[in-house]
Every structure is written in C-alpha cells, then in structure tokens.
file final12.cif (mmCIF, C-alpha atoms, pLDDT in the B column; chains and numbers go by the auth columns)
data_data
loop_
_atom_site.group_PDB
_atom_site.id
_atom_site.type_symbol
_atom_site.label_atom_id
_atom_site.label_comp_id
_atom_site.label_asym_id
_atom_site.label_seq_id
_atom_site.Cartn_x
_atom_site.Cartn_y
_atom_site.Cartn_z
_atom_site.B_iso_or_equiv
_atom_site.auth_seq_id
_atom_site.auth_asym_id
ATOM 1 C CA MET A 1 11.929 11.543 -10.397 46.00 72 A
ATOM 2 C CA ILE A 2 13.877 8.454 -11.476 46.00 73 A
ATOM 3 C CA PRO A 3 12.452 6.701 -14.547 49.00 74 A
ATOM 4 C CA LEU A 4 10.922 3.332 -13.680 50.00 75 A
ATOM 5 C CA GLU A 5 12.994 1.500 -16.286 52.00 76 A
ATOM 6 C CA LYS A 6 16.225 2.608 -14.589 48.00 77 A
ATOM 7 C CA ALA A 7 14.949 1.897 -11.084 48.00 78 A
ATOM 8 C CA LEU A 8 13.668 -1.551 -12.013 47.00 79 A
ATOM 9 C CA THR A 9 16.839 -2.568 -13.822 42.00 80 A
ATOM 10 C CA ALA A 10 18.729 -1.912 -10.594 42.00 81 A
ATOM 11 C CA THR A 11 16.319 -4.142 -8.656 40.00 82 A
ATOM 12 C CA PRO A 12 17.640 -7.621 -7.811 36.00 83 A
ATOM 13 C CA ASP A 13 15.861 -10.834 -8.801 35.00 84 A
ATOM 14 C CA VAL A 14 12.940 -11.148 -6.412 34.00 85 A
ATOM 15 C CA SER A 15 11.276 -14.299 -7.686 34.00 86 A
ATOM 16 C CA GLY A 16 9.543 -15.978 -4.808 33.00 87 A
ATOM 17 C CA VAL A 17 9.957 -13.021 -2.434 33.00 88 A
ATOM 18 C CA SER A 18 6.944 -12.020 -0.366 35.00 89 A
ATOM 19 C CA SER A 19 6.125 -8.522 -1.514 37.00 90 A
ATOM 20 C CA ASP A 20 3.451 -6.854 0.569 39.00 91 A
ATOM 21 C CA HIS A 21 2.294 -6.197 4.133 41.00 92 A
ATOM 22 C CA THR A 22 5.049 -8.384 5.582 36.00 93 A
ATOM 23 C CA GLY A 23 8.097 -6.151 6.093 37.00 94 A
ATOM 24 C CA ALA A 24 9.874 -5.961 9.398 33.00 95 A
ATOM 25 C CA ALA A 25 9.585 -3.153 11.936 30.00 96 A
ATOM 26 C CA SER A 26 11.014 0.166 10.877 32.00 97 A
ATOM 27 C CA SER A 27 13.374 2.509 12.671 30.00 98 A
ATOM 28 C CA VAL A 28 12.250 5.812 11.191 32.00 99 A
ATOM 29 C CA SER A 29 14.456 8.872 11.498 33.00 100 A
ATOM 30 C CA GLY A 30 13.306 12.104 13.098 33.00 101 A
ATOM 31 C CA ASN A 31 12.221 13.737 9.843 36.00 102 A
ATOM 32 C CA GLY A 32 10.288 10.629 8.841 40.00 103 A
ATOM 33 C CA LEU A 33 11.662 10.645 5.309 50.00 104 A
ATOM 34 C CA GLU A 34 14.244 7.899 5.648 49.00 105 A
ATOM 35 C CA CYS A 35 14.890 4.767 7.627 54.00 106 A
ATOM 36 C CA GLY A 36 17.447 2.009 7.903 57.00 107 A
ATOM 37 C CA GLY A 37 17.146 -0.412 5.021 52.00 108 A
ATOM 38 C CA GLY A 38 19.519 -3.033 6.301 51.00 109 A
ATOM 39 C CA ALA A 39 22.811 -3.669 4.537 53.00 110 A
ATOM 40 C CA GLY A 40 21.525 -2.103 1.311 63.00 111 A
ATOM 41 C CA GLY A 41 21.450 1.490 2.595 84.00 112 A
ATOM 42 C CA ARG A 42 18.884 4.001 3.787 94.00 113 A
ATOM 43 C CA ILE A 43 15.331 4.022 2.463 97.00 114 A
ATOM 44 C CA VAL A 44 14.122 7.427 1.294 97.00 115 A
ATOM 45 C CA ALA A 45 10.740 8.580 0.012 98.00 116 A
ATOM 46 C CA ALA A 46 10.415 9.893 -3.536 97.00 117 A
ATOM 47 C CA PRO A 47 7.547 10.939 -5.775 96.00 118 A
ATOM 48 C CA ILE A 48 6.415 8.402 -8.368 96.00 119 A
ATOM 49 C CA ALA A 49 3.906 8.647 -11.200 95.00 120 A
ATOM 50 C CA PHE A 50 0.802 6.491 -10.939 93.00 121 A
ATOM 51 C CA GLU A 51 1.720 4.650 -14.141 92.00 122 A
ATOM 52 C CA ASP A 52 5.159 3.720 -12.757 94.00 123 A
ATOM 53 C CA ALA A 53 3.765 2.655 -9.373 93.00 124 A
ATOM 54 C CA SER A 54 1.145 0.552 -11.190 92.00 125 A
ATOM 55 C CA GLU A 55 3.806 -1.151 -13.275 92.00 126 A
ATOM 56 C CA PHE A 56 5.782 -2.031 -10.130 93.00 127 A
ATOM 57 C CA VAL A 57 2.615 -3.540 -8.624 92.00 128 A
ATOM 58 C CA ARG A 58 1.876 -5.394 -11.882 88.00 129 A
ATOM 59 C CA GLN A 59 5.340 -6.954 -11.803 89.00 130 A
ATOM 60 C CA LEU A 60 5.703 -7.825 -8.108 83.00 131 A
ATOM 61 C CA HIS A 61 2.402 -7.946 -6.182 75.00 132 A
ATOM 62 C CA ARG A 62 1.404 -11.455 -5.061 68.00 133 A
ATOM 63 C CA HIS A 63 -2.350 -11.267 -5.457 66.00 134 A
ATOM 64 C CA HIS A 64 -3.554 -7.928 -6.830 70.00 135 A
ATOM 65 C CA THR A 65 -3.470 -5.948 -10.039 72.00 136 A
ATOM 66 C CA PRO A 66 -2.982 -2.169 -9.863 70.00 137 A
ATOM 67 C CA PRO A 67 -5.939 -0.040 -8.732 69.00 138 A
ATOM 68 C CA GLN A 68 -7.915 2.144 -11.150 81.00 139 A
ATOM 69 C CA GLY A 69 -6.586 5.463 -9.884 80.00 140 A
ATOM 70 C CA HIS A 70 -5.029 7.286 -6.956 91.00 141 A
ATOM 71 C CA LYS A 71 -4.808 10.499 -4.996 95.00 142 A
ATOM 72 C CA PHE A 72 -1.019 10.094 -4.690 98.00 143 A
ATOM 73 C CA SER A 73 1.734 7.473 -4.782 97.00 144 A
ATOM 74 C CA ILE A 74 5.067 7.314 -2.963 98.00 145 A
ATOM 75 C CA ALA A 75 8.189 5.369 -3.892 97.00 146 A
ATOM 76 C CA ALA A 76 10.682 3.858 -1.459 98.00 147 A
ATOM 77 C CA MET A 77 14.200 4.172 -2.839 98.00 148 A
ATOM 78 C CA ILE A 78 17.646 2.971 -1.799 97.00 149 A
ATOM 79 C CA ALA A 79 20.114 5.060 -3.796 93.00 150 A
ATOM 80 C CA ASP A 80 18.656 4.883 -7.329 92.00 151 A
ATOM 81 C CA ARG A 81 16.925 1.517 -6.789 95.00 152 A
ATOM 82 C CA LEU A 82 13.146 1.357 -6.439 96.00 153 A
ATOM 83 C CA VAL A 83 12.360 -1.039 -3.577 96.00 154 A
ATOM 84 C CA GLY A 84 8.647 -0.373 -3.020 96.00 155 A
ATOM 85 C CA VAL A 85 5.581 1.708 -3.748 96.00 156 A
ATOM 86 C CA VAL A 86 2.428 2.709 -1.926 96.00 157 A
ATOM 87 C CA ILE A 87 -0.654 3.815 -3.855 96.00 158 A
ATOM 88 C CA VAL A 88 -3.202 5.857 -1.905 97.00 159 A
ATOM 89 C CA GLY A 89 -6.717 6.653 -3.089 96.00 160 A
ATOM 90 C CA ARG A 90 -10.301 7.083 -2.022 96.00 161 A
ATOM 91 C CA PRO A 91 -11.741 4.338 0.171 94.00 162 A
ATOM 92 C CA VAL A 92 -13.260 1.455 -1.764 88.00 163 A
ATOM 93 C CA ALA A 93 -16.075 1.000 0.765 89.00 164 A
ATOM 94 C CA ARG A 94 -18.564 3.819 0.189 91.00 165 A
ATOM 95 C CA ARG A 95 -19.340 4.159 3.916 94.00 166 A
ATOM 96 C CA ARG A 96 -15.696 5.067 4.551 95.00 167 A
ATOM 97 C CA ASP A 97 -15.603 7.554 1.652 95.00 168 A
ATOM 98 C CA ASP A 98 -16.502 10.636 3.714 97.00 169 A
ATOM 99 C CA GLY A 99 -14.135 13.121 2.048 97.00 170 A
ATOM 100 C CA MET A 100 -11.754 13.080 5.029 98.00 171 A
ATOM 101 C CA THR A 101 -10.520 9.482 4.726 98.00 172 A
ATOM 102 C CA LEU A 102 -8.000 7.939 2.344 98.00 173 A
ATOM 103 C CA GLU A 103 -7.042 4.309 1.797 96.00 174 A
ATOM 104 C CA VAL A 104 -3.829 2.505 0.928 96.00 175 A
ATOM 105 C CA THR A 105 -5.139 0.616 -2.070 94.00 176 A
ATOM 106 C CA ARG A 106 -1.829 -1.107 -2.895 91.00 177 A
ATOM 107 C CA LEU A 107 1.488 -1.508 -1.153 94.00 178 A
ATOM 108 C CA CYS A 108 4.204 -3.550 -2.827 93.00 179 A
ATOM 109 C CA THR A 109 7.917 -4.039 -2.164 94.00 180 A
ATOM 110 C CA ASP A 110 10.724 -6.203 -3.457 92.00 181 A
ATOM 111 C CA GLY A 111 11.189 -7.669 0.040 92.00 182 A
ATOM 112 C CA THR A 112 13.612 -5.020 1.300 95.00 183 A
ATOM 113 C CA PRO A 113 13.577 -5.011 5.133 95.00 184 A
ATOM 114 C CA ASN A 114 11.586 -2.126 6.657 96.00 185 A
ATOM 115 C CA ALA A 115 10.195 -0.934 3.299 97.00 186 A
ATOM 116 C CA CYS A 116 6.570 -1.809 4.120 96.00 187 A
ATOM 117 C CA SER A 117 6.437 0.000 7.456 97.00 188 A
ATOM 118 C CA PHE A 118 8.378 2.912 5.940 98.00 189 A
ATOM 119 C CA LEU A 119 5.765 3.273 3.183 98.00 190 A
ATOM 120 C CA TYR A 120 2.780 2.933 5.553 97.00 191 A
ATOM 121 C CA GLY A 121 4.244 5.706 7.715 98.00 192 A
ATOM 122 C CA ALA A 122 5.003 7.929 4.724 98.00 193 A
ATOM 123 C CA ALA A 123 1.474 7.447 3.342 98.00 194 A
ATOM 124 C CA ALA A 124 -0.112 8.430 6.665 98.00 195 A
ATOM 125 C CA ARG A 125 2.079 11.526 7.080 98.00 196 A
ATOM 126 C CA ALA A 126 1.339 12.647 3.505 98.00 197 A
ATOM 127 C CA ALA A 127 -2.419 12.135 3.955 98.00 198 A
ATOM 128 C CA PHE A 128 -2.447 14.149 7.187 98.00 199 A
ATOM 129 C CA ALA A 129 -0.332 16.909 5.615 98.00 200 A
ATOM 130 C CA LEU A 130 -3.015 17.189 2.914 97.00 201 A
ATOM 131 C CA GLY A 131 -5.701 17.659 5.575 98.00 202 A
ATOM 132 C CA TYR A 132 -7.229 14.173 5.664 98.00 203 A
ATOM 133 C CA ARG A 133 -8.181 12.901 9.127 98.00 204 A
ATOM 134 C CA ARG A 134 -7.977 9.100 8.633 98.00 205 A
ATOM 135 C CA ILE A 135 -6.174 6.607 6.450 98.00 206 A
ATOM 136 C CA GLY A 136 -6.987 2.921 6.317 98.00 207 A
ATOM 137 C CA THR A 137 -6.049 -0.274 4.551 96.00 208 A
ATOM 138 C CA TYR A 138 -7.210 -3.862 4.342 93.00 209 A
ATOM 139 C CA ILE A 139 -4.919 -6.875 4.596 93.00 210 A
ATOM 140 C CA LEU A 140 -5.732 -10.560 4.349 90.00 211 A
ATOM 141 C CA LYS A 141 -6.522 -12.101 7.729 94.00 212 A
ATOM 142 C CA ARG A 142 -3.674 -14.594 7.259 91.00 213 A
ATOM 143 C CA GLU A 143 -1.125 -11.733 6.967 90.00 214 A
ATOM 144 C CA PRO A 144 0.451 -10.665 10.278 91.00 215 A
ATOM 145 C CA GLY A 145 0.168 -6.861 9.963 95.00 216 A
ATOM 146 C CA THR A 146 3.582 -6.387 11.601 95.00 217 A
ATOM 147 C CA SER A 147 4.498 -3.468 9.325 96.00 218 A
ATOM 148 C CA LEU A 148 1.239 -1.675 10.046 96.00 219 A
ATOM 149 C CA VAL A 149 1.681 -1.975 13.801 96.00 220 A
ATOM 150 C CA ALA A 150 5.310 -0.800 13.485 95.00 221 A
ATOM 151 C CA ALA A 151 4.065 2.271 11.588 96.00 222 A
ATOM 152 C CA GLY A 152 1.527 3.125 14.306 96.00 223 A
ATOM 153 C CA TRP A 153 -1.638 1.743 12.672 97.00 224 A
ATOM 154 C CA LYS A 154 -4.360 -0.013 14.699 97.00 225 A
ATOM 155 C CA MET A 155 -6.546 -2.933 13.657 97.00 226 A
ATOM 156 C CA ILE A 156 -10.147 -1.684 13.954 97.00 227 A
ATOM 157 C CA ALA A 157 -12.308 -4.310 12.239 95.00 228 A
ATOM 158 C CA GLU A 158 -12.510 -7.668 10.514 95.00 229 A
ATOM 159 C CA THR A 159 -14.540 -8.004 7.348 90.00 230 A
ATOM 160 C CA PRO A 160 -15.777 -11.209 5.736 88.00 231 A
ATOM 161 C CA GLY A 161 -14.367 -12.128 2.372 78.00 232 A
ATOM 162 C CA LYS A 162 -16.929 -11.780 -0.356 76.00 233 A
ATOM 163 C CA SER A 163 -17.315 -11.315 -4.059 76.00 234 A
ATOM 164 C CA TRP A 164 -17.812 -7.885 -5.623 73.00 235 A
ATOM 165 C CA SER A 165 -20.104 -9.534 -8.159 81.00 236 A
ATOM 166 C CA VAL A 166 -23.848 -8.931 -7.751 86.00 237 A
ATOM 167 C CA PRO A 167 -26.706 -9.817 -10.111 89.00 238 A
ATOM 168 C CA SER A 168 -27.112 -6.193 -11.198 92.00 239 A
ATOM 169 C CA ARG A 169 -23.358 -5.855 -11.861 87.00 240 A
ATOM 170 C CA PRO A 170 -21.621 -9.186 -12.505 87.00 241 A
ATOM 171 C CA ARG A 171 -17.833 -9.172 -12.097 79.00 242 A
ATOM 172 C CA ALA A 172 -15.049 -11.720 -12.328 78.00 243 A
ATOM 173 C CA ASP A 173 -13.220 -11.944 -9.001 68.00 244 A
ATOM 174 C CA LYS A 174 -9.486 -11.453 -9.568 64.00 245 A
ATOM 175 C CA HIS A 175 -8.536 -11.138 -5.913 67.00 246 A
ATOM 176 C CA PRO A 176 -8.592 -13.405 -2.862 67.00 247 A
ATOM 177 C CA ILE A 177 -12.082 -13.848 -1.437 74.00 248 A
ATOM 178 C CA GLU A 178 -11.284 -14.406 2.212 86.00 249 A
ATOM 179 C CA PRO A 179 -11.613 -12.472 5.489 91.00 250 A
ATOM 180 C CA LYS A 180 -9.691 -9.219 5.738 92.00 251 A
ATOM 181 C CA LEU A 181 -8.520 -7.010 8.587 96.00 252 A
ATOM 182 C CA LEU A 182 -9.055 -3.240 8.469 96.00 253 A
ATOM 183 C CA PHE A 183 -6.207 -1.174 9.908 98.00 254 A
ATOM 184 C CA GLU A 184 -6.407 2.580 10.408 98.00 255 A
ATOM 185 C CA ARG A 185 -4.366 5.519 11.540 98.00 256 A
ATOM 186 C CA THR A 186 -5.907 8.832 12.558 98.00 257 A
ATOM 187 C CA ALA A 187 -4.476 12.333 12.610 97.00 258 A
ATOM 188 C CA ALA A 188 -3.319 13.593 15.994 85.00 259 A
#
call {"tool": "encode", "arguments": {"input": "final12.cif", "output": "structure tokens"}}
result
Amino acid sequence: MIPLEKALTATPDVSGVSSDHTGAASSVSGNGLECGGGAGGRIVAAPIAFEDASEFVRQLHRHHTPPQGHKFSIAAMIADRLVGVVIVGRPVARRRDDGMTLEVTRLCTDGTPNACSFLYGAAARAAFALGYRRIGTYILKREPGTSLVAAGWKMIAETPGKSWSVPSRPRADKHPIEPKLLFERTAA
C-alpha cells in the first residue's frame, strides 16, 4: 500500500477540477483491474486505508465530508499517483440496509479520465465477490451519471432532497439538500 503522503504529493494541482460522479466512460480490461487512463497511463486498483481515503475526500470532494465508516475502500492509481478513491459502506437508508446491500458512500477523483467509472466497477465487483447481492449510490439530480451507466449501473429511483434534521434529533445540514438519483447494480 502506498502511503497517502507520497501518492498525494505526486498528484497535480486540481483546483477547480470536478471531482466526483462525472468521469468519462471507461474501457475496462478483461480482468477488470485496470483501464485506460488517457495519456497518464493505466488505472489500477489498490487497497487503501479508510483514513487515507477519507483524507483524499476531505481534500478534493466538491460537496461532502468523509463518511463515518466503511466496509472497504479502493484506490485508483496511475503508477504511484493516487487519482481517486471509492468508499463503500452500509446503506444510509435503513430500508435498503438488508444485510445483502452495500452503498458507495463517497467517490472522489482528481479529474483523471475514466477514474470514476473504473472505481464504480471495481466497487461492484468487490461487493459481489464478498457475497453481497446489490450495491447502490446516490448522486445529485443535476449530475449526469455517465460514469455509473458506463460501469453498468442502472438508475432505479429519484428521491426528494431533504434535511436529516428532525425535532427529536436536530442536525446541521452540511450537504446539498436537493433531489437525488439512486443508481444500483445487482449481482448476476
């Protein structure tokens, strides 16, 4: 596992780069562990500690902080440069938390072409290899979902944007409160 400090120091300046759910379509190789990353080289999957994935999200994600925990995280690497992370955990919505479903709770890249769809595909394959039957994720309605479609995910629902704050448990909303689209992929 490459230390985050080394991987991040090799990352180019990405100020102003869109960093999630917006990557281009992927051309995934037969083994599913690498794909073309444009002129920069091939994208490969690597293990990453939750703390390191969270720090990447903290530094680059447009509108979210890192989640509270995870089942697993996967890094997208080009050579020794970290170009993206996916954090997968239990579904946030309790009705989806059936013990056989996981959720991509954060996906963040530095804007590298194909990194988003590569990570969505890797997350689904890892979840199915662990015996889970479904994996889902929510994106903002204004995001195109191109990477999800390229990775074989289907849009299954639209949810209204709402606050997590309720009178019995007040919370400060630190995320966009707007409609979201639920995408899902199921095991074959």
call {"tool": "residues_around", "arguments": {"input": "final12.cif", "residues": "region 173-177 of chain A", "least_positions_apart": "3", "cutoff": "6 Å", "atoms": "all atoms listed in the file", "output": "JSON, numbers by chain"}}
result
{"A": [157, 158, 159, 160, 161, 162, 206, 207, 208]}
call {"tool": "residues_around", "arguments": {"input": "final12.cif", "residues": "Leu253 (chain A)", "least_positions_apart": "3", "cutoff": "8 Å", "atoms": "all atoms listed in the file", "output": "ChimeraX atom specification"}}
result
/A:207-210,226-230
call {"tool": "residues_around", "arguments": {"input": "final12.cif", "residues": "Gly155 (chain A)", "least_positions_apart": "6", "cutoff": "7 Å", "atoms": "all atoms listed in the file", "output": "ChimeraX atom specification"}}
result
/A:146-147,179-181,186
call {"tool": "axis_aligned_box", "arguments": {"input": "final12.cif", "around": "region 120-130 of chain A", "padding_each_side": "8 Å", "output": "JSON"}}
result
{"center_x": 3.3, "center_y": 0.8, "center_z": -11.4, "size_x": 21.0, "size_y": 31.6, "size_z": 21.5}
call {"tool": "closest_residue", "arguments": {"input": "final12.cif", "among": "A:Gly182, A:Pro118, A:Pro241, A:Gly202", "to": "Gly170 (chain A)", "atoms": "only C-alpha atoms"}}
result
A:Gly202
call {"tool": "resolve_selection", "arguments": {"input": "final12.cif", "expression": "the PyMOL selection byres ((chain A and resi 224) around 10)", "output": "VMD selection string"}}
result
chain A and resid 188 191 to 192 195 206 to 208 216 to 223 225 to 227 253 to 257
call {"tool": "atom_distance", "arguments": {"input": "final12.cif", "atom1": "CA of Tyr203 (chain A)", "atom2": "CA of Val115 (chain A)"}}
result
22.8 Å
call {"tool": "atom_distance", "arguments": {"input": "final12.cif", "atom1": "CA of Ile149 (chain A)", "atom2": "CA of Ala258 (chain A)"}}
result
28.0 Å
